[in-house]
Amino acid sequence: MLSGCSAGLRLLVPRRCVLLSRSVTSGNPGRAAAVDGVLSAFRSICGDDGVSLGETVREQHGKDESVHRCRPPDVVVFPRCVEEVSALAKLCHRHQLPIIPFGTGTGLEGGVGAVKGGVCFSLRNMDQILDLHPEDFDVTVEPDPGADASLCGMAATSASGTNAVRYGTMRENVMNLEVVLADGSVIHTAGRNRRPRKTAAGYNLTNLFVGSEGTLGIITKTTLRLYGVPEEMVSAVCSFSSVQAAVDSTVQILQAGVPIARIEFLDEVMIDACNKFSSLSYPVSPTLFLEFHGSERSLEEQVNTTEDITQSNGGSDFQWARDAETRNRLWKARHDAWYAALAMRPGCKAYATDVCVPLSRLPHIIVETKEDLIESRLTGHIVGHVGDGNFHCLMVMDPSDQDELHRVHLFSQRLARRALAMDGTCTGEHGVGLGKRSLLCEEVGPSVIRVMQSLKDAIDPNNLMNPGKILL
C-alpha cells in the first residue's frame, strides 16, 4: 500500500512563488472585492510566497494541454499540507469564492479553467510519499499514465494508461482518499488510515470521488494498491499490413486469455510521427507495442501464444526489447506520442478524442474512424490502449483555420456518438471537463444526470467546487 499526496512533478513556475500584484483584476467587481478582502488571510496561511496574483502565474493555472481557451483564476494559492488546504477552503466558503484544484496541468478536457473565476489551489508543493507498506502489496505502482501527472490528479479524473489492461485504472487501484470539501471539512472516504484489500462497509465514497474532477472536493491524499515487480519483463513490436489485422490480433490475444501487461496500437500515421520524433526506425504501418510480465516459463507461454496469433493475421516477426534501457526507450516513444503528433505540424494545436468500446466492437470502430478521418480531410493519428477497447485520435489542427476547427468538432462528435451506439463511452480516461458535458447526458440519460446533480448539490450546495465542469 502506498499513501501519498498530489505529486506536482512538472514545475510550471519557479518553486517559490512571488507575489506580483497587490490587487485582483477581475471582470466581476464583487468577486474581485471578495478576493481582495481575503488576501491577507491567504498570506497568513500560505505565506507571502504562497499566494500569487501575477498574470503569468494565473494564466499558467487557467489552462491544461487541451484546445480549450485559458480561463485564469483571480488568485493562485500554494498550500503545503492538508491543514492549509482546509483553512483556505473555509475562507473561500465564507466569502463564496469558487475553488479550482490544480495538479500538474496535464489534463485534456479544460478541467482546470476558472470559468467563474475564483481561487486556484495549486497542489504541487504536496508531493510527498507519506507511508509505504511493501509487506502487504510489494513495491510497484500501476497504472502508467504517460503524462507528467500527479497521483491525486489521476484519481480526480479516473485516469489510466498503458498498464491498465493488466493492472486496472485508478478506479480499481485507489483504496482510500483524503478529501477537503467545499466548507473546509476533511474526510477520509474509507475511514482514517483504512487500507483493507476489500470492504463492504457502507456507501462506496472512494469511487464517488474518483473521477469527480474536482467538482465535489479537493483530493489531498491517495492510498493506492501496489503490485509486485515481475520476475521477468520483455517488450516487443509487431507490424501489420492493415489496421484490421492489428486490431483483430489484439482481440484474439485477449480472448485467448494471455495476461498481457501492455498492448498498444499505433496506426501508420502515428508510428511515422514517433519514428521521426524519437529517432526510431520501425516500419511505417499499423503497429502493436506489447509487453509481457511474469516468470521465465510463463513468459515463454505468453509469447508463443501471442506470436501464433499475430502471425495468423499477417503480422511481422517480433522486434524485441529485452533489456531495461531498450524497453524504456520504446515506451517513452509511446508516451511521447502527443508531442510527436504536434511536431508534425509546428505551431498547431492537438485535440484528442477518448472513446472506449467493448472489445468485440473495437476493430469495427477503428476502421470506421480511419475512413472518417480521410473523408473529413483531417490530419489524424490513431493510438490507444486497445487492450481496454480505448483509443485516441490525435488531430493536429491550425487554431486560426475556422473551417478545420469546424471539421474537427464534427468529426469528434460523430466518433463519440459512434462509440455510444456500440455500447461504449465518450471518455475512457480523460474525463468530461468542459468538452464532453453534452455527450455525458447522451451517454447516461437525464435521470442519471439528475442523480449526479443531486449528489453535487448535497456535497457542494453553493457550487463552489470547480463550477461549470461535468454538469451543464
# chains A, B, ... in the order shown; residues from 1 in each chain; ligands from 1
>>> select_by_dssp(residues="segment 18-191 of chain A", states="strand (DSSP E or B)", output="ChimeraX atom specification")
/A:51-52,75-77,99-102,115,117,119-122,129-132,140-141,174-180,186-188
>>> select_by_dssp(residues="segment 236-461 of chain A", states="helix (DSSP H, G or I)", output="PyMOL selection string")
chain A and resi 243-255+268-278+296-312+324-335+337-343+359-375+386-388+402-421+437-444+446-459
>>> residues_around(residues="segment 431-434 of chain A", least_positions_apart="3", cutoff="12 Å", atoms="only C-alpha atoms", output="ChimeraX atom specification")
/A:63-64,66-69,71,107-115,153-160,210-215,352-356,425-428,437-441,443,466-472
>>> write_last_selection(atoms="C-alpha atoms", output="short mmCIF file (atom, residue, chain, number, x, y, z; two decimals), in the first residue's frame")
data_model
loop_
_atom_site.label_atom_id
_atom_site.label_comp_id
_atom_site.auth_asym_id
_atom_site.auth_seq_id
_atom_site.Cartn_x
_atom_site.Cartn_y
_atom_site.Cartn_z
CA LYS A 63 -5.30 26.06 -18.83
CA ASP A 64 -4.24 22.47 -19.41
CA SER A 66 -6.22 20.89 -24.36
CA VAL A 67 -7.52 23.25 -27.02
CA HIS A 68 -9.86 24.91 -24.53
CA ARG A 69 -9.01 28.57 -24.08
CA ARG A 71 -9.57 30.85 -18.16
CA GLY A 107 -5.39 17.32 -18.48
CA LEU A 108 -7.00 17.30 -21.92
CA GLU A 109 -10.58 18.46 -21.31
CA GLY A 110 -10.25 22.01 -19.93
CA GLY A 111 -10.86 20.79 -16.40
CA VAL A 112 -8.74 23.45 -14.66
CA GLY A 113 -10.19 26.53 -16.35
CA ALA A 114 -11.69 29.01 -13.89
CA VAL A 115 -14.94 29.55 -15.80
CA GLY A 153 -4.95 14.44 -10.25
CA MET A 154 -5.10 10.96 -11.74
CA ALA A 155 -7.63 9.94 -9.09
CA ALA A 156 -9.69 13.06 -9.79
CA THR A 157 -10.02 12.17 -13.48
CA SER A 158 -10.10 8.37 -13.06
CA ALA A 159 -7.03 8.20 -15.28
CA SER A 160 -5.34 5.12 -16.64
CA VAL A 210 -12.58 9.10 -8.16
CA GLY A 211 -13.46 10.74 -11.47
CA SER A 212 -15.26 13.71 -9.86
CA GLU A 213 -12.77 16.14 -11.49
CA GLY A 214 -12.62 18.50 -8.53
CA THR A 215 -16.36 19.18 -8.57
CA ALA A 352 -7.58 14.12 -28.64
CA THR A 353 -10.71 12.01 -28.68
CA ASP A 354 -11.02 9.39 -25.95
CA VAL A 355 -13.72 6.85 -26.77
CA CYS A 356 -13.83 3.34 -25.36
CA THR A 425 -18.40 5.63 -23.65
CA CYS A 426 -17.40 9.07 -24.87
CA THR A 427 -14.43 9.13 -22.47
CA GLY A 428 -12.33 6.18 -21.36
CA ARG A 437 -20.79 17.68 -20.90
CA SER A 438 -23.50 17.31 -23.53
CA LEU A 439 -22.17 13.89 -24.53
CA LEU A 440 -22.34 12.77 -20.90
CA CYS A 441 -26.06 13.48 -20.90
CA GLU A 443 -24.47 8.59 -22.56
CA ASN A 466 -14.74 23.67 -9.88
CA PRO A 467 -18.03 25.06 -11.21
CA GLY A 468 -19.01 24.53 -14.84
CA LYS A 469 -17.35 21.11 -15.19
CA ILE A 470 -19.03 17.72 -15.87
CA LEU A 471 -22.60 19.02 -15.39
CA LEU A 472 -24.10 21.67 -17.65
#
>>> residues_around(residues="segment 260-277 of chain A", least_positions_apart="3", cutoff="6 Å", atoms="only C-alpha atoms", output="list in words")
Thr162, Asn163, Arg166, Leu280, Ser281, Val284, Ser285, Pro286, Thr287, Leu288, Phe289, Leu290, Glu291, Phe292, Ala340, Ala341, His381, Ile382, Val383, Gly384, His385, Val386 and Gly387 of chain A
>>> residues_around(residues="Pro79 of chain A", least_positions_apart="5", cutoff="10 Å", atoms="only C-alpha atoms", output="VMD selection string")
chain A and resid 42 45 to 47 50 to 51 84 to 88 121 to 126
>>> residues_around(residues="segment 409-415 of chain A", least_positions_apart="2", cutoff="10 Å", atoms="only C-alpha atoms", output="list in words")
Tyr351, Ala352, Thr353, Asp354, Val355, Ile365, Ile366, Glu368, Thr369, Asp372, Leu373, Glu375, Ser376, Leu378, Cys393, Met395, Asp403, Glu404, Leu405, His406, Arg407, Arg417, Arg418, Ala419, Leu420, Ala421, Cys426, Lys436 and Leu439 of chain A
>>> write_last_selection(atoms="N, CA, C and O atoms", output="short mmCIF file (atom, residue, chain, number, x, y, z; two decimals), in the first residue's frame")
data_model
loop_
_atom_site.label_atom_id
_atom_site.label_comp_id
_atom_site.auth_asym_id
_atom_site.auth_seq_id
_atom_site.Cartn_x
_atom_site.Cartn_y
_atom_site.Cartn_z
N TYR A 351 -5.97 18.04 -30.67
CA TYR A 351 -7.19 17.68 -29.93
C TYR A 351 -7.29 16.16 -29.94
O TYR A 351 -7.13 15.52 -30.98
N ALA A 352 -7.55 15.58 -28.76
CA ALA A 352 -7.58 14.12 -28.64
C ALA A 352 -8.98 13.64 -28.29
O ALA A 352 -9.58 14.11 -27.33
N THR A 353 -9.49 12.70 -29.08
CA THR A 353 -10.71 12.01 -28.68
C THR A 353 -10.32 10.88 -27.72
O THR A 353 -9.15 10.55 -27.57
N ASP A 354 -11.33 10.28 -27.08
CA ASP A 354 -11.02 9.39 -25.95
C ASP A 354 -12.07 8.30 -25.79
O ASP A 354 -12.40 7.92 -24.69
N VAL A 355 -12.61 7.80 -26.89
CA VAL A 355 -13.72 6.85 -26.77
C VAL A 355 -13.22 5.49 -26.32
O VAL A 355 -12.04 5.14 -26.47
N ILE A 365 -14.90 -0.05 -35.05
CA ILE A 365 -14.90 1.40 -34.83
C ILE A 365 -13.58 2.03 -35.28
O ILE A 365 -13.57 3.15 -35.80
N ILE A 366 -12.47 1.32 -35.13
CA ILE A 366 -11.20 1.91 -35.57
C ILE A 366 -11.15 2.01 -37.09
O ILE A 366 -10.71 3.02 -37.64
N GLU A 368 -13.73 2.31 -39.12
CA GLU A 368 -14.64 3.40 -39.48
C GLU A 368 -14.02 4.77 -39.19
O GLU A 368 -14.20 5.72 -39.95
N THR A 369 -13.28 4.87 -38.09
CA THR A 369 -12.66 6.14 -37.73
C THR A 369 -11.60 6.53 -38.74
O THR A 369 -11.50 7.70 -39.13
N ASP A 372 -13.37 7.85 -41.72
CA ASP A 372 -13.95 9.16 -41.44
C ASP A 372 -12.89 10.26 -41.48
O ASP A 372 -13.13 11.38 -41.96
N LEU A 373 -11.69 9.95 -40.95
CA LEU A 373 -10.60 10.93 -40.99
C LEU A 373 -10.27 11.33 -42.42
O LEU A 373 -10.10 12.52 -42.73
N GLU A 375 -12.18 11.07 -45.13
CA GLU A 375 -13.30 11.80 -45.73
C GLU A 375 -13.41 13.22 -45.18
O GLU A 375 -13.85 14.13 -45.89
N SER A 376 -12.99 13.42 -43.94
CA SER A 376 -13.08 14.74 -43.31
C SER A 376 -11.88 15.63 -43.62
O SER A 376 -11.83 16.77 -43.17
N LEU A 378 -8.77 15.47 -42.49
CA LEU A 378 -8.12 15.85 -41.24
C LEU A 378 -6.81 15.10 -41.07
O LEU A 378 -6.68 13.94 -41.48
N CYS A 393 -7.80 9.47 -31.03
CA CYS A 393 -7.49 10.05 -32.33
C CYS A 393 -6.94 11.44 -32.08
O CYS A 393 -7.66 12.32 -31.59
N MET A 395 -5.82 14.75 -33.39
CA MET A 395 -5.95 15.59 -34.58
C MET A 395 -5.17 16.87 -34.40
O MET A 395 -5.40 17.61 -33.44
N ASP A 403 -12.49 26.71 -40.62
CA ASP A 403 -13.07 25.57 -41.33
C ASP A 403 -12.51 24.26 -40.77
O ASP A 403 -13.26 23.30 -40.55
N GLU A 404 -11.21 24.21 -40.52
CA GLU A 404 -10.60 23.00 -39.96
C GLU A 404 -11.12 22.73 -38.55
O GLU A 404 -11.43 21.59 -38.19
N LEU A 405 -11.24 23.78 -37.75
CA LEU A 405 -11.79 23.62 -36.40
C LEU A 405 -13.19 23.04 -36.45
O LEU A 405 -13.55 22.18 -35.63
N HIS A 406 -13.98 23.52 -37.38
CA HIS A 406 -15.36 23.04 -37.52
C HIS A 406 -15.37 21.57 -37.91
O HIS A 406 -16.15 20.77 -37.35
N ARG A 407 -14.49 21.17 -38.82
CA ARG A 407 -14.43 19.77 -39.24
C ARG A 407 -13.97 18.86 -38.10
O ARG A 407 -14.45 17.74 -37.94
N ARG A 417 -20.47 9.63 -30.77
CA ARG A 417 -21.80 9.02 -30.92
C ARG A 417 -21.69 7.63 -31.54
O ARG A 417 -22.52 6.75 -31.25
N ARG A 418 -20.69 7.42 -32.37
CA ARG A 418 -20.45 6.08 -32.91
C ARG A 418 -20.10 5.12 -31.76
O ARG A 418 -20.59 3.98 -31.72
N ALA A 419 -19.28 5.59 -30.82
CA ALA A 419 -18.92 4.76 -29.67
C ALA A 419 -20.14 4.48 -28.79
O ALA A 419 -20.33 3.36 -28.31
N LEU A 420 -20.97 5.50 -28.58
CA LEU A 420 -22.17 5.30 -27.77
C LEU A 420 -23.11 4.30 -28.43
O LEU A 420 -23.74 3.48 -27.74
N ALA A 421 -23.21 4.35 -29.75
CA ALA A 421 -24.07 3.41 -30.47
C ALA A 421 -23.55 1.97 -30.37
O ALA A 421 -24.31 1.03 -30.57
N CYS A 426 -18.05 7.95 -24.18
CA CYS A 426 -17.40 9.07 -24.87
C CYS A 426 -16.03 9.37 -24.28
O CYS A 426 -15.22 10.05 -24.91
N LYS A 436 -17.11 17.55 -22.90
CA LYS A 436 -17.97 16.40 -23.13
C LYS A 436 -19.24 16.43 -22.27
O LYS A 436 -19.87 15.40 -22.03
N LEU A 439 -22.28 15.31 -24.21
CA LEU A 439 -22.17 13.89 -24.53
C LEU A 439 -22.44 13.02 -23.30
O LEU A 439 -22.98 11.92 -23.41
#
>>> residues_around(residues="segment 302-318 of chain A", least_positions_apart="2", cutoff="8 Å", atoms="only C-alpha atoms", output="PDB file with N, CA, C and O atoms, in the first residue's frame")
ATOM      1  N   ALA A 236       7.933  -6.054 -27.075  1.00  0.00           N
ATOM      2  CA  ALA A 236       8.088  -6.422 -28.490  1.00  0.00           C
ATOM      3  C   ALA A 236       7.284  -5.464 -29.359  1.00  0.00           C
ATOM      4  O   ALA A 236       6.329  -4.837 -28.898  1.00  0.00           O
ATOM      5  N   VAL A 237       7.674  -5.377 -30.621  1.00  0.00           N
ATOM      6  CA  VAL A 237       6.971  -4.566 -31.619  1.00  0.00           C
ATOM      7  C   VAL A 237       6.610  -5.477 -32.782  1.00  0.00           C
ATOM      8  O   VAL A 237       7.445  -6.278 -33.239  1.00  0.00           O
ATOM      9  N   CYS A 238       5.368  -5.359 -33.246  1.00  0.00           N
ATOM     10  CA  CYS A 238       4.904  -6.178 -34.359  1.00  0.00           C
ATOM     11  C   CYS A 238       4.146  -5.301 -35.348  1.00  0.00           C
ATOM     12  O   CYS A 238       3.253  -4.548 -34.950  1.00  0.00           O
ATOM     13  N   SER A 239       4.501  -5.383 -36.617  1.00  0.00           N
ATOM     14  CA  SER A 239       3.870  -4.575 -37.661  1.00  0.00           C
ATOM     15  C   SER A 239       2.888  -5.406 -38.479  1.00  0.00           C
ATOM     16  O   SER A 239       3.047  -6.627 -38.611  1.00  0.00           O
ATOM     17  N   PHE A 240       1.892  -4.716 -39.054  1.00  0.00           N
ATOM     18  CA  PHE A 240       0.833  -5.388 -39.812  1.00  0.00           C
ATOM     19  C   PHE A 240       0.585  -4.633 -41.115  1.00  0.00           C
ATOM     20  O   PHE A 240       0.911  -3.445 -41.242  1.00  0.00           O
ATOM     21  N   SER A 241      -0.060  -5.318 -42.030  1.00  0.00           N
ATOM     22  CA  SER A 241      -0.351  -4.699 -43.327  1.00  0.00           C
ATOM     23  C   SER A 241      -1.608  -3.845 -43.283  1.00  0.00           C
ATOM     24  O   SER A 241      -1.835  -3.024 -44.177  1.00  0.00           O
ATOM     25  N   ALA A 245      -6.055  -6.059 -39.311  1.00  0.00           N
ATOM     26  CA  ALA A 245      -5.247  -7.195 -38.857  1.00  0.00           C
ATOM     27  C   ALA A 245      -4.658  -6.940 -37.482  1.00  0.00           C
ATOM     28  O   ALA A 245      -4.633  -7.837 -36.616  1.00  0.00           O
ATOM     29  N   ALA A 246      -4.182  -5.708 -37.245  1.00  0.00           N
ATOM     30  CA  ALA A 246      -3.573  -5.383 -35.953  1.00  0.00           C
ATOM     31  C   ALA A 246      -4.604  -5.444 -34.837  1.00  0.00           C
ATOM     32  O   ALA A 246      -4.355  -6.010 -33.761  1.00  0.00           O
ATOM     33  N   ASP A 248      -7.606  -6.959 -34.904  1.00  0.00           N
ATOM     34  CA  ASP A 248      -8.093  -8.343 -34.763  1.00  0.00           C
ATOM     35  C   ASP A 248      -7.147  -9.153 -33.885  1.00  0.00           C
ATOM     36  O   ASP A 248      -7.582  -9.958 -33.044  1.00  0.00           O
ATOM     37  N   SER A 249      -5.846  -8.947 -34.059  1.00  0.00           N
ATOM     38  CA  SER A 249      -4.865  -9.662 -33.245  1.00  0.00           C
ATOM     39  C   SER A 249      -5.025  -9.314 -31.772  1.00  0.00           C
ATOM     40  O   SER A 249      -4.954 -10.195 -30.897  1.00  0.00           O
ATOM     41  N   GLN A 252      -8.040 -11.149 -30.352  1.00  0.00           N
ATOM     42  CA  GLN A 252      -7.794 -12.591 -30.235  1.00  0.00           C
ATOM     43  C   GLN A 252      -6.806 -12.919 -29.115  1.00  0.00           C
ATOM     44  O   GLN A 252      -6.949 -13.936 -28.422  1.00  0.00           O
ATOM     45  N   ILE A 253      -5.807 -12.064 -28.902  1.00  0.00           N
ATOM     46  CA  ILE A 253      -4.842 -12.274 -27.808  1.00  0.00           C
ATOM     47  C   ILE A 253      -5.557 -12.248 -26.466  1.00  0.00           C
ATOM     48  O   ILE A 253      -5.334 -13.109 -25.598  1.00  0.00           O
ATOM     49  N   VAL A 258      -4.378 -14.499 -22.673  1.00  0.00           N
ATOM     50  CA  VAL A 258      -2.989 -14.117 -22.418  1.00  0.00           C
ATOM     51  C   VAL A 258      -2.980 -12.934 -21.437  1.00  0.00           C
ATOM     52  O   VAL A 258      -3.578 -11.894 -21.721  1.00  0.00           O
ATOM     53  N   PRO A 259      -2.310 -13.063 -20.282  1.00  0.00           N
ATOM     54  CA  PRO A 259      -2.305 -11.972 -19.289  1.00  0.00           C
ATOM     55  C   PRO A 259      -1.305 -10.887 -19.656  1.00  0.00           C
ATOM     56  O   PRO A 259      -0.367 -10.575 -18.904  1.00  0.00           O
ATOM     57  N   ILE A 260      -1.492 -10.298 -20.810  1.00  0.00           N
ATOM     58  CA  ILE A 260      -0.525  -9.340 -21.335  1.00  0.00           C
ATOM     59  C   ILE A 260      -0.527  -8.074 -20.473  1.00  0.00           C
ATOM     60  O   ILE A 260      -1.562  -7.635 -19.975  1.00  0.00           O
ATOM     61  N   PHE A 292       5.194  -8.146 -21.833  1.00  0.00           N
ATOM     62  CA  PHE A 292       4.822  -9.347 -21.100  1.00  0.00           C
ATOM     63  C   PHE A 292       5.510  -9.344 -19.740  1.00  0.00           C
ATOM     64  O   PHE A 292       6.706  -9.018 -19.650  1.00  0.00           O
ATOM     65  N   SER A 298       6.296 -18.647 -17.694  1.00  0.00           N
ATOM     66  CA  SER A 298       5.018 -18.064 -18.128  1.00  0.00           C
ATOM     67  C   SER A 298       5.217 -17.112 -19.294  1.00  0.00           C
ATOM     68  O   SER A 298       4.364 -17.022 -20.177  1.00  0.00           O
ATOM     69  N   LEU A 299       6.357 -16.397 -19.311  1.00  0.00           N
ATOM     70  CA  LEU A 299       6.634 -15.513 -20.446  1.00  0.00           C
ATOM     71  C   LEU A 299       6.734 -16.310 -21.737  1.00  0.00           C
ATOM     72  O   LEU A 299       6.236 -15.871 -22.782  1.00  0.00           O
ATOM     73  N   GLU A 300       7.378 -17.452 -21.671  1.00  0.00           N
ATOM     74  CA  GLU A 300       7.519 -18.283 -22.876  1.00  0.00           C
ATOM     75  C   GLU A 300       6.155 -18.686 -23.412  1.00  0.00           C
ATOM     76  O   GLU A 300       5.904 -18.605 -24.628  1.00  0.00           O
ATOM     77  N   TRP A 320      12.372  -7.382 -30.646  1.00  0.00           N
ATOM     78  CA  TRP A 320      12.374  -7.497 -29.192  1.00  0.00           C
ATOM     79  C   TRP A 320      13.065  -6.318 -28.518  1.00  0.00           C
ATOM     80  O   TRP A 320      14.002  -5.735 -29.045  1.00  0.00           O
TER      81      TRP A 320
END
>>> atom_distance(atom1="atom CA of Val357 of chain A", atom2="atom CA of Ser242 of chain A")
20.2 Å
